[in-house]
>>> print(open('model_31.tsv').read())   # TSV, C-alpha atoms and all ligand atoms
chain	number	residue	atom	x	y	z
A	1	MET	CA	122.50	89.43	89.16
A	2	ASN	CA	122.23	85.77	88.18
A	3	PRO	CA	119.98	85.42	85.06
A	4	ASN	CA	118.40	82.39	86.78
A	5	GLU	CA	117.01	84.60	89.58
A	6	PRO	CA	113.34	85.64	89.79
A	7	PRO	CA	112.58	88.68	87.57
A	8	ILE	CA	112.27	92.27	88.75
A	9	ILE	CA	108.90	93.72	87.73
A	10	ASP	CA	108.02	97.42	87.61
A	11	PHE	CA	104.57	97.97	89.19
A	12	ALA	CA	104.25	101.63	88.07
A	13	PRO	CA	102.04	100.70	85.06
A	14	PHE	CA	99.44	99.39	87.51
A	15	TYR	CA	98.75	102.98	88.54
A	16	LYS	CA	99.16	104.65	85.12
A	17	ASP	CA	98.45	102.30	82.26
A	18	SER	CA	94.83	101.35	81.62
A	19	THR	CA	95.61	98.10	79.79
A	20	LYS	CA	98.62	97.09	81.97
A	21	GLU	CA	99.27	94.46	79.32
A	22	ASP	CA	103.02	94.28	79.65
A	23	LEU	CA	102.84	94.12	83.47
A	24	ILE	CA	100.24	91.35	83.31
A	25	ASN	CA	102.36	89.31	80.90
A	26	GLN	CA	105.46	89.63	83.05
A	27	VAL	CA	103.61	88.62	86.22
A	28	LYS	CA	101.98	85.67	84.45
A	29	GLN	CA	105.30	84.37	83.23
A	30	ALA	CA	106.88	84.71	86.68
A	31	CYS	CA	103.95	82.85	88.26
A	32	GLU	CA	104.27	79.95	85.82
A	33	THR	CA	108.04	79.57	86.05
A	34	PHE	CA	109.11	80.66	89.53
A	35	GLY	CA	106.14	81.64	91.64
A	36	PHE	CA	108.48	84.47	92.71
A	37	PHE	CA	109.27	87.97	91.47
A	38	GLN	CA	110.57	91.24	92.88
A	39	LEU	CA	108.30	94.27	92.67
A	40	ILE	CA	109.58	97.84	92.35
A	41	ASN	CA	107.66	101.17	92.12
A	42	HIS	CA	104.82	99.73	94.23
A	43	ALA	CA	103.73	102.91	96.10
A	44	ILE	CA	104.70	101.81	99.63
A	45	PRO	CA	106.86	104.75	100.87
A	46	THR	CA	110.51	103.98	101.58
A	47	ASP	CA	110.45	105.89	104.86
A	48	LEU	CA	107.58	103.70	106.09
A	49	GLN	CA	109.57	100.59	105.17
A	50	ASP	CA	112.65	102.00	106.94
A	51	ALA	CA	110.62	102.81	110.05
A	52	VAL	CA	109.27	99.23	110.17
A	53	LEU	CA	112.79	97.79	109.92
A	54	GLN	CA	114.11	100.21	112.56
A	55	HIS	CA	111.32	99.39	115.03
A	56	SER	CA	111.83	95.71	114.36
A	57	LYS	CA	115.53	96.00	115.19
A	58	GLU	CA	114.75	97.85	118.43
A	59	LEU	CA	112.23	95.18	119.38
A	60	PHE	CA	114.69	92.32	118.89
A	61	ASP	CA	117.34	94.28	120.84
A	62	LEU	CA	115.18	93.93	123.98
A	63	PRO	CA	116.25	91.37	126.59
A	64	LEU	CA	114.88	87.87	126.01
A	65	GLU	CA	112.76	87.90	129.15
A	66	THR	CA	111.01	91.07	127.95
A	67	LYS	CA	110.27	89.57	124.55
A	68	GLU	CA	109.01	86.39	126.22
A	69	LYS	CA	106.29	88.43	127.94
A	70	TYR	CA	104.70	88.65	124.49
A	71	ASN	CA	105.14	85.00	123.57
A	72	ILE	CA	102.89	83.77	120.78
A	73	ALA	CA	101.82	80.77	122.87
A	74	THR	CA	100.00	82.79	125.53
A	75	ASP	CA	96.75	82.84	123.52
A	76	GLY	CA	95.38	81.33	120.32
A	77	PHE	CA	95.55	84.47	118.19
A	78	ASN	CA	98.89	83.81	116.52
A	79	ARG	CA	100.36	87.15	117.61
A	80	GLY	CA	103.58	88.01	119.40
A	81	TYR	CA	107.05	86.65	119.92
A	82	GLU	CA	108.52	83.35	118.69
A	83	ARG	CA	111.92	82.61	120.13
A	84	LEU	CA	115.11	81.59	118.35
A	85	ARG	CA	115.08	78.04	116.98
A	86	SER	CA	111.41	77.54	117.81
A	87	GLN	CA	110.72	76.56	114.22
A	88	ASN	CA	112.45	73.70	112.48
A	89	PHE	CA	111.49	73.16	108.86
A	90	GLU	CA	114.13	70.69	107.74
A	91	LYS	CA	114.53	68.89	111.08
A	92	ARG	CA	118.28	68.44	110.61
A	93	THR	CA	119.44	70.90	113.27
A	94	LYS	CA	118.15	72.02	116.65
A	95	GLY	CA	115.97	74.60	114.90
A	96	ASP	CA	115.97	77.52	112.48
A	97	LEU	CA	118.35	80.36	113.38
A	98	LYS	CA	115.85	83.20	113.63
A	99	GLU	CA	113.41	84.82	116.04
A	100	GLY	CA	110.14	86.46	115.03
A	101	PHE	CA	107.24	88.63	116.09
A	102	TYR	CA	103.76	88.37	114.56
A	103	LEU	CA	101.36	91.29	114.12
A	104	GLY	CA	98.02	91.27	112.32
A	105	LYS	CA	95.03	93.53	111.98
A	106	ASP	CA	94.38	94.57	115.59
A	107	LEU	CA	90.82	93.34	116.15
A	108	PRO	CA	88.77	93.78	119.33
A	109	LEU	CA	87.54	90.68	121.17
A	110	ASP	CA	83.95	91.50	120.21
A	111	ASP	CA	84.72	91.45	116.47
A	112	GLU	CA	82.38	88.96	114.80
A	113	TYR	CA	85.27	86.90	113.36
A	114	VAL	CA	87.13	86.85	116.67
A	115	ILE	CA	83.99	85.61	118.46
A	116	GLN	CA	83.67	82.89	115.81
A	117	ARG	CA	87.34	81.95	116.42
A	118	ARG	CA	88.13	82.36	112.75
A	119	PHE	CA	91.73	81.61	111.87
A	120	GLY	CA	94.27	84.39	112.45
A	121	GLN	CA	91.72	86.96	113.68
A	122	GLY	CA	92.32	88.67	117.01
A	123	PRO	CA	94.07	91.44	118.94
A	124	ASN	CA	97.74	92.29	118.56
A	125	LYS	CA	100.37	92.24	121.27
A	126	TYR	CA	102.27	95.55	121.22
A	127	PRO	CA	105.51	95.58	123.21
A	128	ALA	CA	105.52	98.39	125.78
A	129	GLU	CA	109.31	98.30	126.36
A	130	VAL	CA	110.53	99.37	122.90
A	131	PRO	CA	112.12	102.87	122.88
A	132	ASP	CA	109.03	104.50	121.34
A	133	ALA	CA	106.06	102.21	121.98
A	134	GLU	CA	103.47	104.61	120.62
A	135	ASP	CA	105.33	105.08	117.36
A	136	PHE	CA	105.93	101.31	117.08
A	137	ARG	CA	102.19	100.75	117.19
A	138	ARG	CA	101.37	103.60	114.81
A	139	ILE	CA	103.96	102.51	112.23
A	140	MET	CA	103.05	98.82	112.36
A	141	ASP	CA	99.33	99.56	111.98
A	142	GLU	CA	99.95	102.03	109.14
A	143	TYR	CA	102.23	99.58	107.38
A	144	HIS	CA	99.75	96.75	107.82
A	145	ASP	CA	96.96	98.80	106.19
A	146	ALA	CA	99.27	99.87	103.35
A	147	MET	CA	100.24	96.24	102.73
A	148	ILE	CA	96.59	95.19	102.54
A	149	GLY	CA	96.19	97.86	99.83
A	150	LEU	CA	99.15	96.49	97.89
A	151	SER	CA	97.90	92.92	98.32
A	152	VAL	CA	94.53	93.83	96.81
A	153	SER	CA	96.29	95.49	93.84
A	154	ILE	CA	98.46	92.42	93.26
A	155	MET	CA	95.40	90.13	93.51
A	156	GLN	CA	93.74	92.23	90.77
A	157	VAL	CA	96.77	91.77	88.54
A	158	LEU	CA	96.81	88.04	89.27
A	159	ALA	CA	93.14	87.81	88.25
A	160	ARG	CA	94.00	89.56	84.99
A	161	THR	CA	96.89	87.16	84.32
A	162	LEU	CA	94.28	84.38	84.32
A	163	GLY	CA	92.02	86.23	81.90
A	164	LEU	CA	89.56	87.06	84.71
A	165	GLY	CA	88.01	90.35	85.86
A	166	ASP	CA	89.61	92.72	88.38
A	167	ASP	CA	87.02	91.87	91.05
A	168	THR	CA	87.52	88.07	90.86
A	169	PHE	CA	89.18	87.99	94.29
A	170	GLY	CA	86.99	90.77	95.78
A	171	ASP	CA	85.25	88.56	98.38
A	172	PHE	CA	88.55	86.90	99.21
A	173	CYS	CA	90.15	90.28	99.96
A	174	ASP	CA	87.39	91.34	102.38
A	175	HIS	CA	88.25	90.99	106.13
A	176	PRO	CA	91.38	89.01	105.27
A	177	VAL	CA	93.73	86.96	107.39
A	178	SER	CA	96.85	89.09	106.97
A	179	ILE	CA	99.98	88.68	109.05
A	180	LEU	CA	103.08	90.81	109.37
A	181	ARG	CA	106.03	88.79	110.59
A	182	LEU	CA	109.07	90.68	111.88
A	183	LEU	CA	112.11	88.42	111.54
A	184	HIS	CA	115.63	88.62	112.91
A	185	TYR	CA	118.36	86.23	111.73
A	186	PRO	CA	121.54	86.33	113.84
A	187	PRO	CA	124.74	85.68	111.88
A	188	GLN	CA	125.50	82.02	111.40
A	189	GLU	CA	128.70	80.78	113.13
A	190	VAL	CA	131.52	80.26	110.61
A	191	ASP	CA	132.21	76.72	111.76
A	192	THR	CA	128.55	75.75	111.94
A	193	SER	CA	127.18	72.62	110.27
A	194	ASP	CA	126.35	72.88	106.57
A	195	VAL	CA	122.69	72.16	107.30
A	196	GLU	CA	122.29	75.27	109.48
A	197	ARG	CA	119.33	77.31	108.21
A	198	GLY	CA	117.89	80.74	109.00
A	199	ILE	CA	114.64	79.24	107.76
A	200	GLY	CA	114.56	75.77	106.24
A	201	ALA	CA	113.09	75.00	102.81
A	202	HIS	CA	109.30	75.49	102.76
A	203	THR	CA	106.43	76.93	100.79
A	204	ASP	CA	103.94	79.47	102.17
A	205	PHE	CA	100.29	78.58	102.89
A	206	GLY	CA	98.35	81.67	101.87
A	207	ALA	CA	97.66	83.48	98.59
A	208	ILE	CA	100.63	85.83	98.31
A	209	THR	CA	103.59	86.84	100.48
A	210	MET	CA	105.27	90.24	100.08
A	211	LEU	CA	108.66	90.28	101.73
A	212	LEU	CA	110.72	93.31	102.64
A	213	GLN	CA	114.36	92.34	103.19
A	214	ASP	CA	117.34	94.40	104.28
A	215	ASP	CA	120.54	94.42	102.22
A	216	THR	CA	122.15	91.39	103.92
A	217	GLY	CA	121.03	88.70	101.48
A	218	GLY	CA	120.54	85.01	102.24
A	219	LEU	CA	117.09	84.32	100.77
A	220	GLN	CA	117.15	81.60	98.13
A	221	VAL	CA	114.50	80.10	95.88
A	222	TRP	CA	114.51	76.78	94.07
A	223	ASN	CA	114.88	77.08	90.30
A	224	ASN	CA	113.01	74.13	88.77
A	225	VAL	CA	114.57	74.57	85.36
A	226	SER	CA	118.25	74.82	86.31
A	227	SER	CA	117.68	72.58	89.40
A	228	GLU	CA	119.56	74.83	91.80
A	229	TRP	CA	119.01	77.19	94.66
A	230	VAL	CA	119.34	80.77	93.42
A	231	ASP	CA	119.77	83.89	95.54
A	232	VAL	CA	117.04	86.49	95.64
A	233	THR	CA	119.47	89.43	95.60
A	234	PRO	CA	118.22	92.33	97.73
A	235	VAL	CA	116.95	95.28	95.69
A	236	PRO	CA	116.51	98.39	97.88
A	237	GLY	CA	112.83	99.05	98.64
A	238	ALA	CA	111.56	96.14	96.50
A	239	TYR	CA	109.11	93.47	97.62
A	240	VAL	CA	109.90	89.85	97.00
A	241	VAL	CA	106.45	88.56	96.03
A	242	ASN	CA	105.78	84.84	96.12
A	243	LEU	CA	102.71	82.72	95.59
A	244	GLY	CA	101.41	80.62	98.45
A	245	ASN	CA	99.71	77.22	98.28
A	246	MET	CA	96.25	78.73	97.72
A	247	MET	CA	97.32	80.01	94.32
A	248	MET	CA	98.23	76.47	93.23
A	249	ARG	CA	94.81	75.22	94.33
A	250	TRP	CA	93.01	78.05	92.54
A	251	THR	CA	94.95	77.53	89.32
A	252	ASN	CA	95.06	73.73	89.44
A	253	ASN	CA	98.90	73.87	89.54
A	254	ARG	CA	99.27	76.25	86.60
A	255	TYR	CA	101.00	78.62	88.99
A	256	LEU	CA	103.80	77.61	91.30
A	257	SER	CA	104.03	78.00	95.07
A	258	ASN	CA	107.75	77.53	95.29
A	259	LEU	CA	110.29	76.35	97.85
A	260	HIS	CA	112.48	78.95	99.49
A	261	ARG	CA	114.88	79.15	102.42
A	262	VAL	CA	117.29	81.54	104.15
A	263	ILE	CA	120.95	80.85	104.96
A	264	ASN	CA	122.67	83.79	106.60
A	265	THR	CA	126.38	83.35	105.95
A	266	SER	CA	126.95	87.13	105.75
A	267	GLY	CA	128.52	87.37	109.20
A	268	LYS	CA	125.91	90.09	109.96
A	269	GLU	CA	122.45	90.19	111.47
A	270	ARG	CA	119.66	90.02	108.90
A	271	PHE	CA	116.20	91.58	109.24
A	272	SER	CA	113.22	90.84	107.02
A	273	VAL	CA	109.47	91.46	107.16
A	274	PRO	CA	107.20	89.10	105.25
A	275	PHE	CA	103.52	90.06	104.94
A	276	PHE	CA	101.25	87.06	104.37
A	277	PHE	CA	97.92	87.70	102.65
A	278	SER	CA	95.59	84.74	103.11
A	279	GLY	CA	92.07	86.11	102.58
A	280	ASN	CA	88.68	85.98	104.23
A	281	PRO	CA	88.37	82.93	106.49
A	282	ASN	CA	84.86	82.16	105.18
A	283	TYR	CA	85.90	82.25	101.51
A	284	THR	CA	85.98	78.95	99.62
A	285	ILE	CA	89.00	78.31	97.41
A	286	ARG	CA	88.04	76.30	94.36
A	287	CYS	CA	89.55	75.82	90.90
A	288	LEU	CA	89.12	79.05	88.92
A	289	PRO	CA	87.20	79.10	85.63
A	290	GLY	CA	89.49	78.15	82.79
A	291	CYS	CA	92.03	76.32	84.98
A	292	GLU	CA	90.37	72.87	84.99
A	293	ASP	CA	92.01	69.87	83.33
A	294	PRO	CA	89.91	67.66	81.01
A	295	GLU	CA	89.36	65.46	84.07
A	296	GLY	CA	88.38	68.44	86.27
A	297	ALA	CA	90.11	69.99	89.26
A	298	LYS	CA	92.99	68.40	91.18
A	299	TYR	CA	91.95	69.85	94.56
A	300	PRO	CA	88.54	69.80	96.24
A	301	PRO	CA	87.09	73.15	97.41
A	302	ILE	CA	88.16	74.24	100.89
A	303	THR	CA	87.56	77.34	103.00
A	304	VAL	CA	90.43	79.63	103.96
A	305	HIS	CA	89.73	78.86	107.61
A	306	GLU	CA	89.91	75.09	107.07
A	307	TRP	CA	92.97	75.33	104.88
A	308	MET	CA	94.98	77.58	107.19
A	309	ALA	CA	93.97	75.81	110.41
A	310	GLY	CA	94.68	72.44	108.78
A	311	ARG	CA	98.12	73.42	107.51
A	312	TYR	CA	99.05	74.71	110.95
A	313	ALA	CA	97.80	71.59	112.66
A	314	ASP	CA	99.60	69.31	110.18
A	315	THR	CA	102.89	71.09	110.46
A	316	TYR	CA	103.02	72.32	114.01
A	317	GLY	CA	100.28	70.63	115.99
A	318	THR	CA	99.25	72.89	118.80
A	319	SER	CA	102.77	73.59	119.99
A	320	GLU	CA	104.26	77.04	120.30
A	321	GLY	CA	106.49	78.59	117.67
A	322	LYS	CA	103.92	78.30	114.94
A	323	ALA	CA	104.61	80.08	111.69
A	324	ILE	CA	103.10	80.52	108.32
A	325	GLY	CA	104.96	78.19	106.06
A	326	GLU	CA	104.92	74.58	105.10
A	327	MET	CA	107.63	71.99	104.80
A	328	ARG	CA	107.62	70.04	101.59
A	329	GLU	CA	109.99	67.37	100.49
A	330	GLU	CA	113.47	68.62	99.77
A	331	PRO	CA	113.81	68.80	95.99
A	332	LYS	CA	116.18	66.35	94.38
A	333	ASN	CA	119.78	67.42	93.71
A	334	VAL	CA	119.77	69.96	96.51
A	335	LYS	CA	123.27	70.68	97.75
A	401	LIG	O1	113.09	86.09	105.72
A	401	LIG	C1	112.94	85.69	104.58
A	401	LIG	O2	113.60	86.15	103.64
A	401	LIG	C2	111.95	84.58	104.27
A	401	LIG	C3	110.91	84.35	105.33
A	401	LIG	C4	109.93	83.29	104.94
A	401	LIG	O3	110.08	82.61	103.97
A	401	LIG	C5	108.71	83.07	105.76
A	401	LIG	O4	108.60	83.67	106.84
A	401	LIG	O5	107.83	82.28	105.32
A	402	FE	FE	108.24	81.65	103.41
>>> encode(input="model_31.tsv", output="structure tokens")
Amino acid sequence: MNPNEPPIIDFAPFYKDSTKEDLINQVKQACETFGFFQLINHAIPTDLQDAVLQHSKELFDLPLETKEKYNIATDGFNRGYERLRSQNFEKRTKGDLKEGFYLGKDLPLDDEYVIQRRFGQGPNKYPAEVPDAEDFRRIMDEYHDAMIGLSVSIMQVLARTLGLGDDTFGDFCDHPVSILRLLHYPPQEVDTSDVERGIGAHTDFGAITMLLQDDTGGLQVWNNVSSEWVDVTPVPGAYVVNLGNMMMRWTNNRYLSNLHRVINTSGKERFSVPFFFSGNPNYTIRCLPGCEDPEGAKYPPITVHEWMAGRYADTYGTSEGKAIGEMREEPKNVK
């Protein structure tokens, strides 16, 4: 593995070690330098991960017209299918070479937050045509709940890295916007243009993203020190954890929400499942105690709802094929 890659961090001490000092130091360093790390021994069962990837594969194997029945654009809940090339982060090709399917916490229409049209809150679309529709639903819901649990644990560690108490992000973690995104990247053609992307360079909007990737490879993150794109080499069962834009706002840029992209030159299909944890829509993100500069905070306070809805509107307008991510300027010296 390239020494310039994000570090691999063992999460086992979170469950066993009362001080967790070493874990906290490693996470802190990764947040300051990369905004990315890989997490192992995190308590999400491997067979649950495998089942999610298997169901995802079976979903994308369905005919296009079946998947289109669940298109994300049919309602405003940000759930369902986004077709190939519907997203275009770098705007240098006819679109990113991937298709996706969004699932969140399955909320009824009479849920208070759904009635209030809070960002990302609503019912799921569950495809009926997958080989085992009942199991698809059960596995996705179970995985979603397990990922909320892991998100809350990681948020506690992040609070500790900033010298704050475990419950600092407690209100943020209540009734969160949390989105599971099943992704399928077909293999890139060998003679394709050199600006072909599975997903173009972007940063994520929320607090943290926890990505499960298969063994294909192709995810890259920008290394600010060596000024190069570095691979995030797949580690079986690990989560690639990265900080979203909210973490930069909270920490007044002490922590990095870093650029990443996918280029699938493997000649194989690639499957990945990011889980985006973006918090309670009514929570206000403001500079955390101890992160101010002498002149104060760089960013004004903003609610999760305003932030998320605003980022979507800025990047995608109201068109279909929305996704959680944000285009920033391409860093200098990018090949
Ligand atoms: O599939 C991946 O490895 C990355 C996906 C991603 O960055 C995103 O969905 O925001
Ligand atoms: Fe991303």
>>> closest_residue(input="model_31.tsv", among="A:Tyr185, A:Phe77, A:Phe271, A:Phe34", to="Asn224 (chain A)", atoms="only C-alpha atoms")
A:Phe34
>>> residues_near_ligand(input="model_31.tsv", ligand="ligand LIG 401 (chain A)", cutoff="9 Å", atoms="all atoms listed in the file", output="PyMOL selection string")
chain A and resi 98+100+181-185+198-205+209+211-213+217-220+232+240+259-262+270-276+323-326
>>> atom_distance(input="model_31.tsv", atom1="CA of Gly163 (chain A)", atom2="CA of Asn252 (chain A)")
14.9 Å
>>> closest_residue(input="model_31.tsv", among="A:Ile302, A:Leu243, A:Val27, A:Val195", to="Lys94 (chain A)", atoms="all atoms listed in the file")
A:Val195
>>> residues_around(input="model_31.tsv", residues="Trp250 (chain A)", least_positions_apart="3", cutoff="8 Å", atoms="only C-alpha atoms", output="ChimeraX atom specification")
/A:246-247,253,285-288,291
>>> closest_residue(input="model_31.tsv", among="A:Phe89, A:Ser56, A:Ile263, A:Glu32", to="Trp229 (chain A)", atoms="all atoms listed in the file")
A:Ile263
>>> atom_distance(input="model_31.tsv", atom1="CA of Phe119 (chain A)", atom2="CA of Val177 (chain A)")
7.3 Å
>>> atom_distance(input="model_31.tsv", atom1="CA of Leu164 (chain A)", atom2="CA of Glu21 (chain A)")
13.3 Å
>>> closest_residue(input="model_31.tsv", among="A:Gly149, A:Pro294, A:Gly237, A:Gly279", to="Leu53 (chain A)", atoms="only C-alpha atoms")
A:Gly237
>>> closest_residue(input="model_31.tsv", among="A:Met147, A:Ala128, A:Val241, A:Ala133", to="Thr66 (chain A)", atoms="all atoms listed in the file")
A:Ala128
>>> closest_residue(input="model_31.tsv", among="A:Asn71, A:Ser151, A:Ile208, A:Pro3", to="Gly244 (chain A)", atoms="all atoms listed in the file")
A:Ile208
>>> residues_around(input="model_31.tsv", residues="Tyr143 (chain A)", least_positions_apart="4", cutoff="12 Å", atoms="all atoms listed in the file", output="PDB file with C-alpha atoms, in the frame of the given file")
ATOM      1  CA  ALA A  43     103.730 102.910  96.100  1.00  0.00           C
ATOM      2  CA  ILE A  44     104.700 101.810  99.630  1.00  0.00           C
ATOM      3  CA  PRO A  45     106.860 104.750 100.870  1.00  0.00           C
ATOM      4  CA  THR A  46     110.510 103.980 101.580  1.00  0.00           C
ATOM      5  CA  ASP A  47     110.450 105.890 104.860  1.00  0.00           C
ATOM      6  CA  LEU A  48     107.580 103.700 106.090  1.00  0.00           C
ATOM      7  CA  GLN A  49     109.570 100.590 105.170  1.00  0.00           C
ATOM      8  CA  ASP A  50     112.650 102.000 106.940  1.00  0.00           C
ATOM      9  CA  ALA A  51     110.620 102.810 110.050  1.00  0.00           C
ATOM     10  CA  VAL A  52     109.270  99.230 110.170  1.00  0.00           C
ATOM     11  CA  LEU A  53     112.790  97.790 109.920  1.00  0.00           C
ATOM     12  CA  HIS A  55     111.320  99.390 115.030  1.00  0.00           C
ATOM     13  CA  LEU A 103     101.360  91.290 114.120  1.00  0.00           C
ATOM     14  CA  GLY A 104      98.020  91.270 112.320  1.00  0.00           C
ATOM     15  CA  LYS A 105      95.030  93.530 111.980  1.00  0.00           C
ATOM     16  CA  ASP A 135     105.330 105.080 117.360  1.00  0.00           C
ATOM     17  CA  PHE A 136     105.930 101.310 117.080  1.00  0.00           C
ATOM     18  CA  ARG A 137     102.190 100.750 117.190  1.00  0.00           C
ATOM     19  CA  ARG A 138     101.370 103.600 114.810  1.00  0.00           C
ATOM     20  CA  ILE A 139     103.960 102.510 112.230  1.00  0.00           C
ATOM     21  CA  MET A 147     100.240  96.240 102.730  1.00  0.00           C
ATOM     22  CA  ILE A 148      96.590  95.190 102.540  1.00  0.00           C
ATOM     23  CA  GLY A 149      96.190  97.860  99.830  1.00  0.00           C
ATOM     24  CA  LEU A 150      99.150  96.490  97.890  1.00  0.00           C
ATOM     25  CA  SER A 178      96.850  89.090 106.970  1.00  0.00           C
ATOM     26  CA  ILE A 179      99.980  88.680 109.050  1.00  0.00           C
ATOM     27  CA  LEU A 180     103.080  90.810 109.370  1.00  0.00           C
ATOM     28  CA  ARG A 181     106.030  88.790 110.590  1.00  0.00           C
ATOM     29  CA  LEU A 212     110.720  93.310 102.640  1.00  0.00           C
ATOM     30  CA  VAL A 273     109.470  91.460 107.160  1.00  0.00           C
ATOM     31  CA  PRO A 274     107.200  89.100 105.250  1.00  0.00           C
ATOM     32  CA  PHE A 275     103.520  90.060 104.940  1.00  0.00           C
TER      33      PHE A 275
END
>>> axis_aligned_box(input="model_31.tsv", around="region 195-208 of chain A", padding_each_side="3 Å", output="JSON")
{"center_x": 110.2, "center_y": 79.0, "center_z": 103.9, "size_x": 31.0, "size_y": 19.7, "size_z": 17.2}
